[in-house]
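This is my_file_20.cif. It holds mmCIF, C-alpha atoms.
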data_final
#
loop_
_atom_site.label_atom_id
_atom_site.label_comp_id
_atom_site.auth_asym_id
_atom_site.auth_seq_id
_atom_site.Cartn_x
_atom_site.Cartn_y
_atom_site.Cartn_z
CA MET A 7 52.04 29.36 22.35
CA GLU A 8 51.06 25.70 22.01
CA ASN A 9 49.48 24.27 18.88
CA CYS A 10 45.77 23.77 18.28
CA SER A 11 44.44 20.64 20.07
CA MET A 12 42.10 19.68 17.23
CA LYS A 13 42.50 16.39 15.39
CA ARG A 14 41.70 17.11 11.75
CA GLY A 15 40.26 14.53 9.42
CA PHE A 16 37.60 11.86 9.35
CA PHE A 17 39.11 8.51 8.30
CA PHE A 18 42.66 9.77 8.95
CA LEU A 19 43.20 11.90 12.01
CA ARG A 20 46.16 14.23 12.20
CA PRO A 21 47.21 17.11 14.44
CA CYS A 22 46.44 20.67 13.44
CA ASP A 23 49.65 22.66 12.85
CA HIS A 24 48.18 26.08 13.52
CA PRO A 25 48.96 27.92 16.75
CA ALA A 26 46.20 27.86 19.36
CA HIS A 27 44.16 31.01 19.55
CA GLN A 28 41.52 30.66 22.24
CA GLN A 29 40.12 28.21 24.81
CA CYS A 30 36.96 26.16 24.21
CA SER A 31 34.32 27.04 26.80
CA VAL A 32 33.15 23.40 26.95
CA CYS A 33 36.25 21.16 26.98
CA GLY A 34 38.73 23.81 28.12
CA ARG A 35 41.39 22.95 25.51
CA TYR A 36 43.06 25.49 23.23
CA PHE A 37 42.23 25.71 19.52
CA CYS A 38 43.09 27.78 16.46
CA ALA A 39 40.61 30.22 14.91
CA GLU A 40 39.72 27.69 12.16
CA HIS A 41 38.52 25.15 14.72
CA LEU A 42 36.59 27.52 16.95
CA ARG A 43 33.09 28.91 16.52
CA ILE A 44 30.86 31.08 18.65
CA ASN A 45 28.38 28.86 20.48
CA PRO A 46 24.94 29.89 19.23
CA GLY A 47 22.88 31.41 22.05
CA LYS A 48 25.75 31.48 24.56
CA ASN A 49 28.16 33.84 22.78
CA GLU A 50 31.18 31.82 23.97
CA PRO A 51 33.94 30.19 21.91
CA VAL A 52 33.44 26.46 21.40
CA CYS A 53 35.57 23.97 19.46
CA LEU A 54 34.16 22.16 16.40
CA ASP A 55 34.25 18.80 18.22
CA CYS A 56 32.10 20.04 21.13
CA LEU A 57 29.80 22.02 18.83
CA GLY A 58 29.45 19.06 16.44
CA LYS A 59 28.64 16.65 19.29
CA GLU A 60 26.04 19.09 20.63
CA MET A 61 24.43 19.36 17.19
CA GLN A 62 24.33 15.59 16.74
CA LYS A 63 22.10 15.24 19.82
CA PRO A 64 18.61 14.14 18.71
CA GLN A 65 16.87 17.15 20.30
CA ASN A 66 19.16 19.55 18.36
CA ARG A 67 19.17 17.77 15.01
CA GLU A 68 15.99 19.32 13.66
CA LYS A 69 16.98 22.78 14.87
CA ASN A 70 20.32 22.51 13.06
CA ASP A 71 19.29 21.04 9.70
CA ASP A 72 21.43 23.64 8.00
CA GLU A 73 24.58 22.35 9.73
CA ILE A 74 24.81 19.36 7.38
CA TYR A 75 26.28 21.75 4.79
CA GLU A 76 29.05 22.97 7.12
CA PRO A 77 32.37 21.31 8.11
CA THR A 78 31.07 21.33 11.71
CA TRP A 79 28.80 18.45 10.71
CA CYS A 80 31.79 16.16 10.00
CA TYR A 81 33.29 16.89 13.40
CA GLY A 82 30.06 15.86 15.10
CA TYR A 83 29.29 12.98 12.77
CA ARG A 84 32.71 11.31 13.12
CA HIS A 85 32.03 10.52 16.78
CA SER A 86 28.77 8.71 15.99
CA TYR A 87 30.35 7.10 12.90
CA TYR A 88 33.26 5.59 14.87
CA SER A 89 30.85 4.14 17.45
CA GLY A 90 28.18 3.01 14.99
CA CYS A 91 30.51 1.45 12.38
CA HIS A 92 33.19 0.30 14.86
CA TYR A 93 35.70 2.27 12.85
CA ARG A 94 39.17 2.84 14.27
CA PRO A 95 40.65 5.94 12.63
CA TRP A 96 44.23 6.02 11.38
CA TYR A 97 46.38 8.57 13.15
CA LEU A 98 49.01 10.33 11.05
CA GLY A 99 51.14 11.73 13.80
CA ARG A 100 53.36 10.87 16.70
CA ARG A 101 52.47 7.76 18.66
CA GLY A 102 52.84 7.63 22.41
CA SER A 103 50.71 10.25 24.08
CA ALA A 104 47.35 9.18 25.48
CA ASP A 105 45.72 11.96 23.46
CA ASN A 106 46.99 10.49 20.16
CA ASP A 107 46.49 6.80 20.95
CA ASN A 108 42.89 7.39 21.81
CA PHE A 109 40.43 9.78 20.24
CA ASP A 110 37.37 10.43 22.38
CA GLY A 111 37.33 6.81 23.56
CA HIS A 112 38.07 5.38 20.11
CA GLU A 113 41.37 3.60 19.70
CA THR A 114 43.46 4.98 16.83
CA ARG A 115 45.73 3.04 14.45
CA PHE A 116 49.26 4.08 13.48
CA PHE A 117 51.64 3.58 10.57
CA ASP A 118 55.28 2.70 11.13
CA SER A 119 57.39 5.86 11.02
CA GLU A 120 59.31 4.51 7.98
CA VAL A 121 56.04 3.95 6.16
CA ASP A 122 55.03 7.58 6.78
CA ASP A 123 57.68 8.65 4.25
CA ASN A 124 55.79 6.85 1.49
CA PHE A 125 52.68 9.05 1.73
CA ASP A 126 53.97 11.85 -0.42
CA ASP A 127 54.69 9.96 -3.65
CA ASP A 128 53.04 11.12 -6.85
CA PRO A 129 49.27 10.78 -6.30
CA ASN A 130 48.72 10.44 -10.06
CA ALA A 131 50.95 7.40 -10.37
CA GLU A 132 48.89 4.40 -11.51
CA ASP A 133 45.93 6.70 -11.74
CA SER A 134 44.07 4.13 -13.79
CA SER A 135 43.91 1.63 -10.91
CA PHE A 136 40.11 1.68 -11.04
CA ASP A 137 39.74 1.26 -14.79
CA SER A 138 38.62 -2.20 -15.63
CA MET G 28 7.69 33.58 4.42
CA PHE G 29 10.00 31.04 2.79
CA PHE G 30 9.12 32.29 -0.72
CA PHE G 31 10.75 35.70 -0.25
CA SER G 32 13.77 34.12 1.39
CA ALA G 33 14.12 31.73 -1.59
CA LEU G 34 13.76 34.65 -3.98
CA ARG G 35 16.50 36.58 -2.15
CA GLN G 36 18.75 33.51 -2.21
CA TYR G 37 18.16 33.00 -5.93
CA PHE G 38 19.22 36.54 -6.78
CA ALA G 39 22.32 36.12 -4.58
CA LEU G 40 23.46 33.10 -6.64
CA SER G 41 26.13 33.51 -9.30
CA GLY G 42 25.43 33.04 -13.00
CA ALA G 43 27.13 29.60 -12.97
CA GLN G 44 24.99 28.49 -10.03
CA ARG G 45 21.79 29.64 -11.75
CA LYS G 46 22.93 27.81 -14.86
CA PHE G 47 23.36 24.64 -12.77
CA ILE G 48 19.77 24.97 -11.50
CA SER G 49 18.48 25.03 -15.07
CA SER G 50 20.93 22.50 -16.57
CA GLY G 51 21.42 20.13 -13.60
CA ILE G 52 24.94 19.22 -14.74
CA TYR G 53 28.21 20.06 -13.01
CA ALA G 54 31.68 18.75 -13.73
CA GLY G 55 35.03 20.01 -12.62
CA ASN G 56 38.54 19.38 -11.39
CA ARG G 57 38.79 21.72 -8.42
CA THR G 58 39.68 21.86 -4.76
CA PRO G 59 36.93 20.59 -2.43
CA ARG G 60 36.61 24.08 -0.97
CA GLU G 61 35.84 25.55 -4.41
CA ILE G 62 33.34 22.79 -5.12
CA LEU G 63 31.62 23.12 -1.75
CA ASP G 64 31.54 26.91 -2.04
CA PHE G 65 29.70 26.37 -5.32
CA ILE G 66 27.28 23.70 -4.06
CA ARG G 67 26.49 24.95 -0.52
CA PRO G 68 24.42 28.01 -1.56
CA LEU G 69 22.56 25.76 -4.02
CA ALA G 70 21.81 23.28 -1.22
CA ARG G 71 20.48 26.07 0.99
CA PHE G 72 18.41 27.44 -1.90
CA ASP G 73 17.01 23.98 -2.61
CA GLU G 74 16.05 23.53 1.04
CA ASN G 75 14.25 26.86 0.92
CA ILE G 76 12.47 25.91 -2.30
CA ASP G 77 11.31 22.64 -0.68
CA ASN G 78 10.03 24.56 2.36
CA THR G 79 8.31 27.12 0.12
CA ARG G 80 6.60 24.40 -1.92
CA SER G 81 5.39 22.60 1.19
CA GLN G 82 4.13 25.92 2.62
CA LEU G 83 2.31 26.68 -0.66
CA THR G 84 0.61 23.27 -0.55
CA LYS G 85 -0.73 24.10 2.91
CA ILE G 86 -1.86 27.58 1.79
CA GLY G 87 -3.50 26.08 -1.32
CA CYS G 88 -5.39 23.50 0.76
CA ALA G 89 -6.47 26.19 3.24
CA GLY G 90 -7.57 28.29 0.23
CA LEU G 91 -9.69 25.40 -1.05
CA ILE G 92 -11.43 24.93 2.32
CA LEU G 93 -11.99 28.69 2.64
CA LEU G 94 -13.38 28.77 -0.92
CA PHE G 95 -16.02 26.19 0.06
CA ILE G 96 -16.91 28.14 3.20
CA ALA G 97 -17.04 31.42 1.23
CA ALA G 98 -19.26 29.77 -1.42
CA ILE G 99 -21.66 28.49 1.28
CA VAL G 100 -21.74 31.89 3.03
CA ALA G 101 -22.32 33.63 -0.33
CA GLY G 102 -25.06 31.12 -1.20
CA ASN G 103 -26.89 31.74 2.10
CA GLU G 104 -26.89 35.47 1.39
CA ALA G 105 -25.50 36.08 4.88
CA LEU G 106 -23.25 38.83 3.51
CA THR G 107 -23.85 41.65 1.07
CA PRO G 108 -23.28 40.48 -2.56
CA ASN G 109 -20.19 42.67 -2.99
CA ILE G 110 -18.47 41.32 0.12
CA ALA G 111 -19.53 37.75 -0.68
CA SER G 112 -18.21 37.87 -4.25
CA GLY G 113 -14.99 39.54 -3.03
CA LEU G 114 -14.50 36.74 -0.49
CA VAL G 115 -15.07 34.04 -3.11
CA ILE G 116 -12.65 35.69 -5.55
CA PHE G 117 -10.01 36.13 -2.83
CA THR G 118 -10.16 32.50 -1.69
CA ALA G 119 -10.22 31.26 -5.30
CA VAL G 120 -7.08 33.32 -6.09
CA LEU G 121 -5.45 31.98 -2.90
CA PHE G 122 -6.22 28.39 -3.91
CA VAL G 123 -5.30 28.59 -7.61
CA GLY G 124 -2.39 31.01 -7.10
CA SER G 125 -0.70 28.82 -4.46
CA PHE G 126 -0.81 25.72 -6.62
CA LEU G 127 0.31 27.64 -9.73
CA LEU G 128 3.27 29.13 -7.83
CA ARG G 129 4.09 25.69 -6.40
CA TRP G 130 4.14 24.23 -9.91
CA PHE G 131 6.29 27.14 -11.18
CA LEU G 132 8.85 26.61 -8.38
CA SER G 133 9.23 22.95 -9.32
CA SER G 134 11.45 24.07 -12.22
CA PHE G 135 13.92 25.48 -9.64
CA ASP G 136 13.83 22.41 -7.44
CA LEU G 137 16.96 20.25 -7.39
CA HIS G 138 17.00 16.62 -6.31
CA ASN G 139 17.41 16.31 -2.55
CA ASN G 140 20.42 14.05 -3.12
CA LEU G 141 22.41 17.22 -3.76
CA ARG G 142 22.00 18.58 -0.24
CA LEU G 143 21.51 15.36 1.69
CA PHE G 144 24.02 13.07 -0.05
CA VAL G 145 26.52 14.99 -2.20
CA VAL G 146 27.26 17.81 0.26
CA PRO G 147 27.82 15.58 3.34
CA VAL G 148 29.92 13.09 1.34
CA LEU G 149 32.09 15.84 -0.19
CA ASN G 150 32.32 17.55 3.20
CA THR G 151 33.62 14.33 4.74
CA ILE G 152 36.04 13.43 1.95
CA SER G 153 37.48 16.96 1.92
CA GLN G 154 38.56 16.46 5.55
CA ASP G 155 40.97 13.72 4.46
CA MET G 156 42.42 15.34 1.36
CA PRO G 157 45.84 16.99 1.26
CA GLU G 158 45.74 20.78 1.34
CA ASN G 159 45.09 22.34 -2.09
CA ALA G 160 44.58 18.91 -3.71
CA ARG G 161 41.94 18.77 -6.41
CA MET G 162 39.11 16.35 -6.89
CA ILE G 163 37.34 15.41 -10.09
CA ILE G 164 33.60 15.52 -9.74
CA LYS G 165 30.73 14.81 -12.12
CA LEU G 166 27.18 15.53 -11.09
CA ASP G 167 24.07 14.98 -13.16
CA LEU G 168 20.81 15.99 -11.48
CA ARG G 169 18.77 16.53 -14.65
CA GLY G 170 16.32 13.81 -13.65
CA LYS G 171 16.27 10.05 -13.57
CA THR G 172 13.66 9.45 -16.23
CA LEU G 173 14.95 11.54 -19.11
CA LYS G 174 14.56 10.07 -22.57
CA SER G 175 18.34 10.29 -23.10
CA LYS G 176 18.84 8.03 -20.05
CA MET G 177 16.46 5.34 -21.29
CA ILE G 178 18.20 2.05 -22.00
CA ASN G 179 15.24 -0.23 -22.63
CA GLU G 180 11.59 0.07 -23.56
CA LYS G 181 9.17 -2.84 -23.67
CA HIS G 182 5.47 -2.83 -24.54
CA ASP G 183 3.37 -5.91 -23.93
CA ASN G 184 0.14 -5.16 -25.76
CA PRO G 185 -2.21 -8.12 -26.33
CA GLY G 186 -4.35 -6.06 -28.75
CA TRP G 187 -7.51 -3.94 -28.87
CA PHE G 188 -9.71 -4.27 -25.78
CA SER G 189 -7.45 -7.04 -24.43
CA TYR G 190 -5.91 -6.59 -21.00
CA PRO G 191 -3.56 -6.28 -19.20
CA LYS G 192 -1.34 -4.00 -21.27
CA ILE G 193 2.07 -3.59 -19.69
CA SER G 194 4.70 -1.05 -20.66
CA THR G 195 8.11 -1.03 -19.02
CA TRP G 196 10.79 1.62 -19.36
CA THR G 197 14.28 1.18 -17.94
CA TYR G 198 16.61 4.10 -17.33
CA LYS G 199 20.24 4.24 -16.24
CA ASP G 200 21.24 7.36 -14.33
CA TYR G 201 24.95 7.85 -13.55
CA TRP G 202 24.40 10.87 -11.39
CA PHE G 203 27.44 11.17 -9.15
CA SER G 204 31.09 10.29 -9.43
CA CYS G 205 34.20 11.70 -7.84
CA LYS G 206 37.86 10.90 -7.68
CA ALA G 207 40.12 12.39 -5.03
CA PRO G 208 43.59 11.89 -3.54
CA MET G 209 43.71 11.19 0.19
CA VAL G 210 46.28 12.25 2.80
CA ASP G 211 47.71 8.72 3.03
CA GLY G 212 48.53 8.72 -0.70
CA SER G 213 45.54 6.57 -1.71
CA ASN G 214 43.20 7.56 -4.50
CA LEU G 215 39.53 7.49 -3.64
CA PHE G 216 36.83 6.81 -6.18
CA ILE G 217 33.07 7.02 -5.67
CA ASN G 218 30.41 6.30 -8.23
CA VAL G 219 26.63 6.22 -7.80
CA GLU G 220 24.31 4.94 -10.48
CA ASP G 221 20.57 4.37 -10.35
CA THR G 222 18.63 1.94 -12.47
CA VAL G 223 15.02 3.06 -12.69
CA ARG G 224 12.30 0.69 -13.84
CA SER G 225 8.98 2.36 -14.53
CA ARG G 226 6.09 0.01 -15.16
CA LYS G 227 2.65 1.08 -16.39
CA LYS G 228 -0.08 -1.54 -16.24
CA THR G 229 -3.50 -0.99 -17.79
CA CYS G 230 -6.11 -3.51 -16.69
CA LYS G 231 -9.86 -3.90 -16.62
CA SER G 232 -11.64 -4.59 -13.35
CA ARG G 233 -14.63 -6.92 -12.97
CA SER G 234 -16.95 -3.93 -12.95
CA GLY G 235 -15.65 -2.97 -16.39
CA LYS G 236 -13.60 0.04 -15.34
CA THR G 237 -10.19 0.54 -16.93
CA LYS G 238 -7.47 1.16 -14.37
CA ILE G 239 -3.91 2.35 -14.89
CA LYS G 240 -1.29 1.51 -12.28
CA THR G 241 2.20 2.97 -12.39
CA LYS G 242 5.01 1.48 -10.35
CA VAL G 243 8.56 2.76 -10.07
CA LYS G 244 11.47 0.79 -8.67
CA ILE G 245 14.92 2.29 -8.27
CA LYS G 246 18.03 0.23 -7.68
CA HIS G 247 20.86 2.35 -6.32
CA LYS G 248 24.37 1.05 -6.90
CA ILE G 249 26.97 2.79 -4.77
CA THR G 250 30.59 1.99 -5.52
CA ALA G 251 33.51 3.23 -3.46
CA GLY G 252 37.10 2.25 -4.02
CA LEU G 253 40.55 3.06 -2.76
CA ALA G 254 43.74 2.54 -4.74
CA MET G 255 46.08 2.08 -1.81
CA LYS G 256 49.86 2.02 -1.81
CA THR G 257 51.29 -1.39 -1.14
CA LYS G 258 54.28 0.32 0.55
CA VAL G 259 51.92 1.86 3.08
CA TYR G 260 49.31 -0.87 3.59
CA ASP G 261 49.32 -4.57 4.05
CA LEU G 262 46.19 -5.47 2.11
CA SER G 263 46.22 -9.22 2.60
CA ARG G 264 43.27 -8.94 4.99
CA THR G 265 40.97 -7.39 2.38
CA ASP G 266 39.96 -10.96 1.42
CA LYS G 267 37.84 -10.89 4.58
CA LEU G 268 35.66 -8.32 2.82
CA GLN G 269 34.41 -11.14 0.59
CA ASN G 270 32.33 -12.36 3.53
CA THR G 271 30.38 -9.11 3.75
CA PHE G 272 27.20 -8.44 1.80
CA ASP G 273 28.86 -5.83 -0.41
CA ARG G 274 30.42 -6.87 -3.71
CA VAL G 275 34.22 -6.74 -3.62
CA LYS G 276 36.60 -6.21 -6.50
CA THR G 277 40.36 -6.00 -6.19
CA LYS G 278 42.99 -5.09 -8.72
CA ASP G 279 46.72 -5.40 -8.22
CA LYS G 280 49.22 -3.02 -9.77
CA PRO G 281 52.96 -2.89 -9.01
CA LYS G 282 52.67 0.01 -6.56
CA ARG G 283 49.00 0.00 -5.61
CA LYS G 284 46.15 -2.32 -4.88
CA ALA G 285 42.70 -1.07 -5.71
CA VAL G 286 39.91 -2.35 -3.49
CA THR G 287 36.38 -1.55 -4.60
CA LEU G 288 33.20 -2.24 -2.66
CA THR G 289 29.70 -1.99 -4.06
CA ALA G 290 26.56 -1.60 -1.99
CA ARG G 291 23.01 -1.70 -3.28
CA ALA G 292 19.80 -0.12 -2.07
CA VAL G 293 16.26 -0.15 -3.41
CA SER G 294 13.58 2.55 -3.27
CA THR G 295 10.20 3.07 -4.87
CA ASP G 296 10.23 6.83 -5.27
CA VAL G 297 12.14 8.84 -7.86
CA GLU G 298 12.57 11.55 -5.24
CA ALA G 299 14.02 9.13 -2.67
CA ARG G 300 17.36 10.25 -1.32
CA LEU G 301 20.42 8.21 -0.55
CA GLU G 302 21.95 8.12 2.90
CA PRO G 303 25.57 9.41 2.88
CA SER G 304 26.38 6.78 5.51
CA ILE G 305 26.05 4.00 2.87
CA CYS G 306 28.95 5.47 0.92
CA LEU G 307 31.05 6.36 3.96
CA ASP G 308 30.55 2.86 5.38
CA LEU G 309 32.10 1.35 2.25
CA ILE G 310 35.23 3.51 2.58
CA GLY G 311 35.37 2.72 6.31
CA LYS G 312 35.13 -1.03 5.65
CA ILE G 313 38.02 -0.93 3.16
CA LEU G 314 40.18 1.03 5.57
CA MET G 315 39.27 -1.18 8.53
CA ASN G 316 40.51 -4.22 6.64
CA ALA G 317 43.84 -2.63 5.77
CA ALA G 318 46.78 -3.08 8.11
CA PRO G 319 49.92 -0.94 8.14
CA ALA G 320 52.72 -2.32 6.00
CA THR G 321 55.66 -3.49 8.01
CA ALA G 322 58.84 -1.54 7.42
CA LYS G 323 61.64 -3.23 5.42
CA GLY G 324 63.93 -5.29 7.58
CA ALA G 325 61.44 -5.39 10.46
#

Encoded form using structure tokens:
Amino acid sequence: MENCSMKRGFFFLRPCDHPAHQQCSVCGRYFCAEHLRINPGKNEPVCLDCLGKEMQKPQNREKNDDEIYEPTWCYGYRHSYYSGCHYRPWYLGRRGSADNDNFDGHETRFFDSEVDDNFDDDPNAEDSSFDS
Amino acid sequence: MFFFSALRQYFALSGAQRKFISSGIYAGNRTPREILDFIRPLARFDENIDNTRSQLTKIGCAGLILLFIAAIVAGNEALTPNIASGLVIFTAVLFVGSFLLRWFLSSFDLHNNLRLFVVPVLNTISQDMPENARMIIKLDLRGKTLKSKMINEKHDNPGWFSYPKISTWTYKDYWFSCKAPMVDGSNLFINVEDTVRSRKKTCKSRSGKTKIKTKVKIKHKITAGLAMKTKVYDLSRTDKLQNTFDRVKTKDKPKRKAVTLTARAVSTDVEARLEPSICLDLIGKILMNAAPATAKGA
């Protein structure tokens, strides 16, 4: 079975490694269990991106005040954040496919493949970078 | 009713969460999931407490109006004395009881920054952290005008029966900081500090009345920084950040360059909440001005 179609992350997008589990009733793509929820009121599976976008709509915001505490909020908020702040997310994955080069109409940025190898160095190295 | 829902939520909280409500301090080096699992029920409880308190205000006001009506009806002897006195007592209990309960619940109320700033910011950052990575977080929601947070006190008193008398208190509240590794190898740092200036002015009007005016001004300083790997990013463009309104600070180390942006906001209410977007914008601006490092030999 193919992998989940969800792009994880907020500032850095990356593909989800988990196998797809079910189809989203809104966008029709396949997602893993972690990125699917039951659409409230419709009893159908919906991906976090579609659910988040729905909840970000002004008419639904007041109804879903509670959602700000859930990860779903980030998935909805990132769409409005990219448009509002003109932010182009980094994509930590393979370049080339239209799906990766573009996220919901927002152009993504890539690292050179050689540079990718430098991500996993010790995160605690030069930990005092912020100390003045 | 929100009150019973809040009561249920309170009893469902763990001992550590109840301790946080009374102490207002939280610090830890944990995974974002553990931290959010700890804070989320508190945020929901706080929302319920806010709703309960607002509902009690309405009930108290309705009780006051009904008390007046009951007193008028009782005074007109339209009802039998027993019913009239029962009605007055009932409305008086409704009025006093609602406001007493509202005051009692204020000791369980956390600052709205917890649910409307801290939770969304942590939720967002956690999306970009490596799996099982830990973040260091310090949270102090004890209150902005505690005596221990006072940094300056000034009294301008011209003497007996001389006005205006001005007293100014300044407080420094470092209420939120966190440090977390990101998936690209950068280290993220966020710090929020509030400077509260409370000014009490006593003056005498022309009619001879003494008036006391209190004014509060809060300066929020939000700092977000990323210590980014020079192998991964070309950070020569970060100089462009100098042209923005936010204060920029950079620090070069052999392997990393730390870029820190500071934004400021002003409010006039101690209960005013910060928008999470201010903090997320700073991180976004730093990342937007970073270019990928070119591979060796390219």

Result set of the PyMOL selection byres ((chain G) within 7 of (chain A)) on the coordinates above, as a list in words: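 That selection, the PyMOL selection byres ((chain G) within 7 of (chain A)), comes back as Arg67, Val146, Pro147, Asn150, Thr151, Gln154, Asp155, Pro208, Asp211, Gly212, Ala254, Lys258, Val259, Ala285, Gly311, Met315, Pro319, Thr321 and Ala322 of chain G.
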
Picked residues, the PyMOL selection byres ((chain G and resi 77-85) around 12), expected as a PyMOL selection string: chain G and resi 28-34+70-76+86-92+121-139+142

Go ahead and write the selection's residues with C-alpha atoms as a PDB file, in the frame of the given file.
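Once everything was written out, this is result.pdb:
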ATOM      1  CA  MET G  28       7.690  33.580   4.420  1.00  0.00           C
ATOM      2  CA  PHE G  29      10.000  31.040   2.790  1.00  0.00           C
ATOM      3  CA  PHE G  30       9.120  32.290  -0.720  1.00  0.00           C
ATOM      4  CA  PHE G  31      10.750  35.700  -0.250  1.00  0.00           C
ATOM      5  CA  SER G  32      13.770  34.120   1.390  1.00  0.00           C
ATOM      6  CA  ALA G  33      14.120  31.730  -1.590  1.00  0.00           C
ATOM      7  CA  LEU G  34      13.760  34.650  -3.980  1.00  0.00           C
ATOM      8  CA  ALA G  70      21.810  23.280  -1.220  1.00  0.00           C
ATOM      9  CA  ARG G  71      20.480  26.070   0.990  1.00  0.00           C
ATOM     10  CA  PHE G  72      18.410  27.440  -1.900  1.00  0.00           C
ATOM     11  CA  ASP G  73      17.010  23.980  -2.610  1.00  0.00           C
ATOM     12  CA  GLU G  74      16.050  23.530   1.040  1.00  0.00           C
ATOM     13  CA  ASN G  75      14.250  26.860   0.920  1.00  0.00           C
ATOM     14  CA  ILE G  76      12.470  25.910  -2.300  1.00  0.00           C
ATOM     15  CA  ILE G  86      -1.860  27.580   1.790  1.00  0.00           C
ATOM     16  CA  GLY G  87      -3.500  26.080  -1.320  1.00  0.00           C
ATOM     17  CA  CYS G  88      -5.390  23.500   0.760  1.00  0.00           C
ATOM     18  CA  ALA G  89      -6.470  26.190   3.240  1.00  0.00           C
ATOM     19  CA  GLY G  90      -7.570  28.290   0.230  1.00  0.00           C
ATOM     20  CA  LEU G  91      -9.690  25.400  -1.050  1.00  0.00           C
ATOM     21  CA  ILE G  92     -11.430  24.930   2.320  1.00  0.00           C
ATOM     22  CA  LEU G 121      -5.450  31.980  -2.900  1.00  0.00           C
ATOM     23  CA  PHE G 122      -6.220  28.390  -3.910  1.00  0.00           C
ATOM     24  CA  VAL G 123      -5.300  28.590  -7.610  1.00  0.00           C
ATOM     25  CA  GLY G 124      -2.390  31.010  -7.100  1.00  0.00           C
ATOM     26  CA  SER G 125      -0.700  28.820  -4.460  1.00  0.00           C
ATOM     27  CA  PHE G 126      -0.810  25.720  -6.620  1.00  0.00           C
ATOM     28  CA  LEU G 127       0.310  27.640  -9.730  1.00  0.00           C
ATOM     29  CA  LEU G 128       3.270  29.130  -7.830  1.00  0.00           C
ATOM     30  CA  ARG G 129       4.090  25.690  -6.400  1.00  0.00           C
ATOM     31  CA  TRP G 130       4.140  24.230  -9.910  1.00  0.00           C
ATOM     32  CA  PHE G 131       6.290  27.140 -11.180  1.00  0.00           C
ATOM     33  CA  LEU G 132       8.850  26.610  -8.380  1.00  0.00           C
ATOM     34  CA  SER G 133       9.230  22.950  -9.320  1.00  0.00           C
ATOM     35  CA  SER G 134      11.450  24.070 -12.220  1.00  0.00           C
ATOM     36  CA  PHE G 135      13.920  25.480  -9.640  1.00  0.00           C
ATOM     37  CA  ASP G 136      13.830  22.410  -7.440  1.00  0.00           C
ATOM     38  CA  LEU G 137      16.960  20.250  -7.390  1.00  0.00           C
ATOM     39  CA  HIS G 138      17.000  16.620  -6.310  1.00  0.00           C
ATOM     40  CA  ASN G 139      17.410  16.310  -2.550  1.00  0.00           C
ATOM     41  CA  ARG G 142      22.000  18.580  -0.240  1.00  0.00           C
TER      42      ARG G 142
END

Between atom CA of Ser294 of chain G and atom CA of Lys276 of chain G - distance in Å to one decimal: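 About the pair atom CA of Lys276 of chain G and atom CA of Ser294 of chain G: they are 24.8 Å apart.
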
Please, what is the axis-aligned box for every listed atom of segment 47-53 of chain A with 5 Å on each side, as centre and edge lengths in Å to one decimal, as AutoDock Vina command-line options?
--center_x 29.2 --center_y 28.9 --center_z 22.0 --size_x 22.7 --size_y 19.9 --size_z 15.1

Each residue of segment 63-165 of chain G with at least one atom at most 12 Å from segment 187-202 of chain G should appear once, together with its nearest atom pair and the corresponding distance in Å (one decimal); atoms considered: only C-alpha atoms; ordering: chain, then increasing residue number; output as JSON lines.
{"residue": "G:His138", "atom": "CA", "partner": "G:Trp202", "partner_atom": "CA", "distance": 10.7}
{"residue": "G:Asn140", "atom": "CA", "partner": "G:Trp202", "partner_atom": "CA", "distance": 9.7}
{"residue": "G:Leu141", "atom": "CA", "partner": "G:Trp202", "partner_atom": "CA", "distance": 10.1}
{"residue": "G:Phe144", "atom": "CA", "partner": "G:Trp202", "partner_atom": "CA", "distance": 11.6}
{"residue": "G:Val145", "atom": "CA", "partner": "G:Trp202", "partner_atom": "CA", "distance": 10.3}
{"residue": "G:Ile164", "atom": "CA", "partner": "G:Trp202", "partner_atom": "CA", "distance": 10.4}
{"residue": "G:Lys165", "atom": "CA", "partner": "G:Trp202", "partner_atom": "CA", "distance": 7.5}

Between atom CA of Cys53 of chain A and atom CA of Ile66 of chain G, distance in Å (one decimal):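 Separating atom CA of Cys53 of chain A from atom CA of Ile66 of chain G is a distance of 24.9 Å.
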
Output of the PyMOL selection byres ((chain G and resi 255) around 6), listed as JSON, numbers by chain: {"G": [213, 253, 254, 256, 283, 284]}

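Of the residues under consideration (G:Met177, G:Val219, G:Leu143, G:Met162), G:Val219 shows the shortest atom-to-atom contact distance to Phe203 of chain G when counting only C-alpha atoms.
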
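Take atom CA of Arg291 of chain G and atom CA of Ile249 of chain G: the distance between them is 6.2 Å.
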
Pick from G:Thr58, G:Thr277, G:Asn179, G:Ser225 nearest to Ile245 of chain G, counting only C-alpha atoms: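 Smallest separation from Ile245 of chain G among the options: G:Ser225.
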
Lys244 of chain G environment, 9 Å, only C-alpha atoms, sequence neighbours closer than 4 positions dropped, as a ChimeraX atom specification: /G:222-226,293-297

Selected residue of minimal separation from Val100 of chain G among G:Val115, G:Ile313, G:Leu173, G:Leu63, counting only C-alpha atoms: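 Among the listed residues, the smallest separation from Val100 of chain G belongs to G:Val115.
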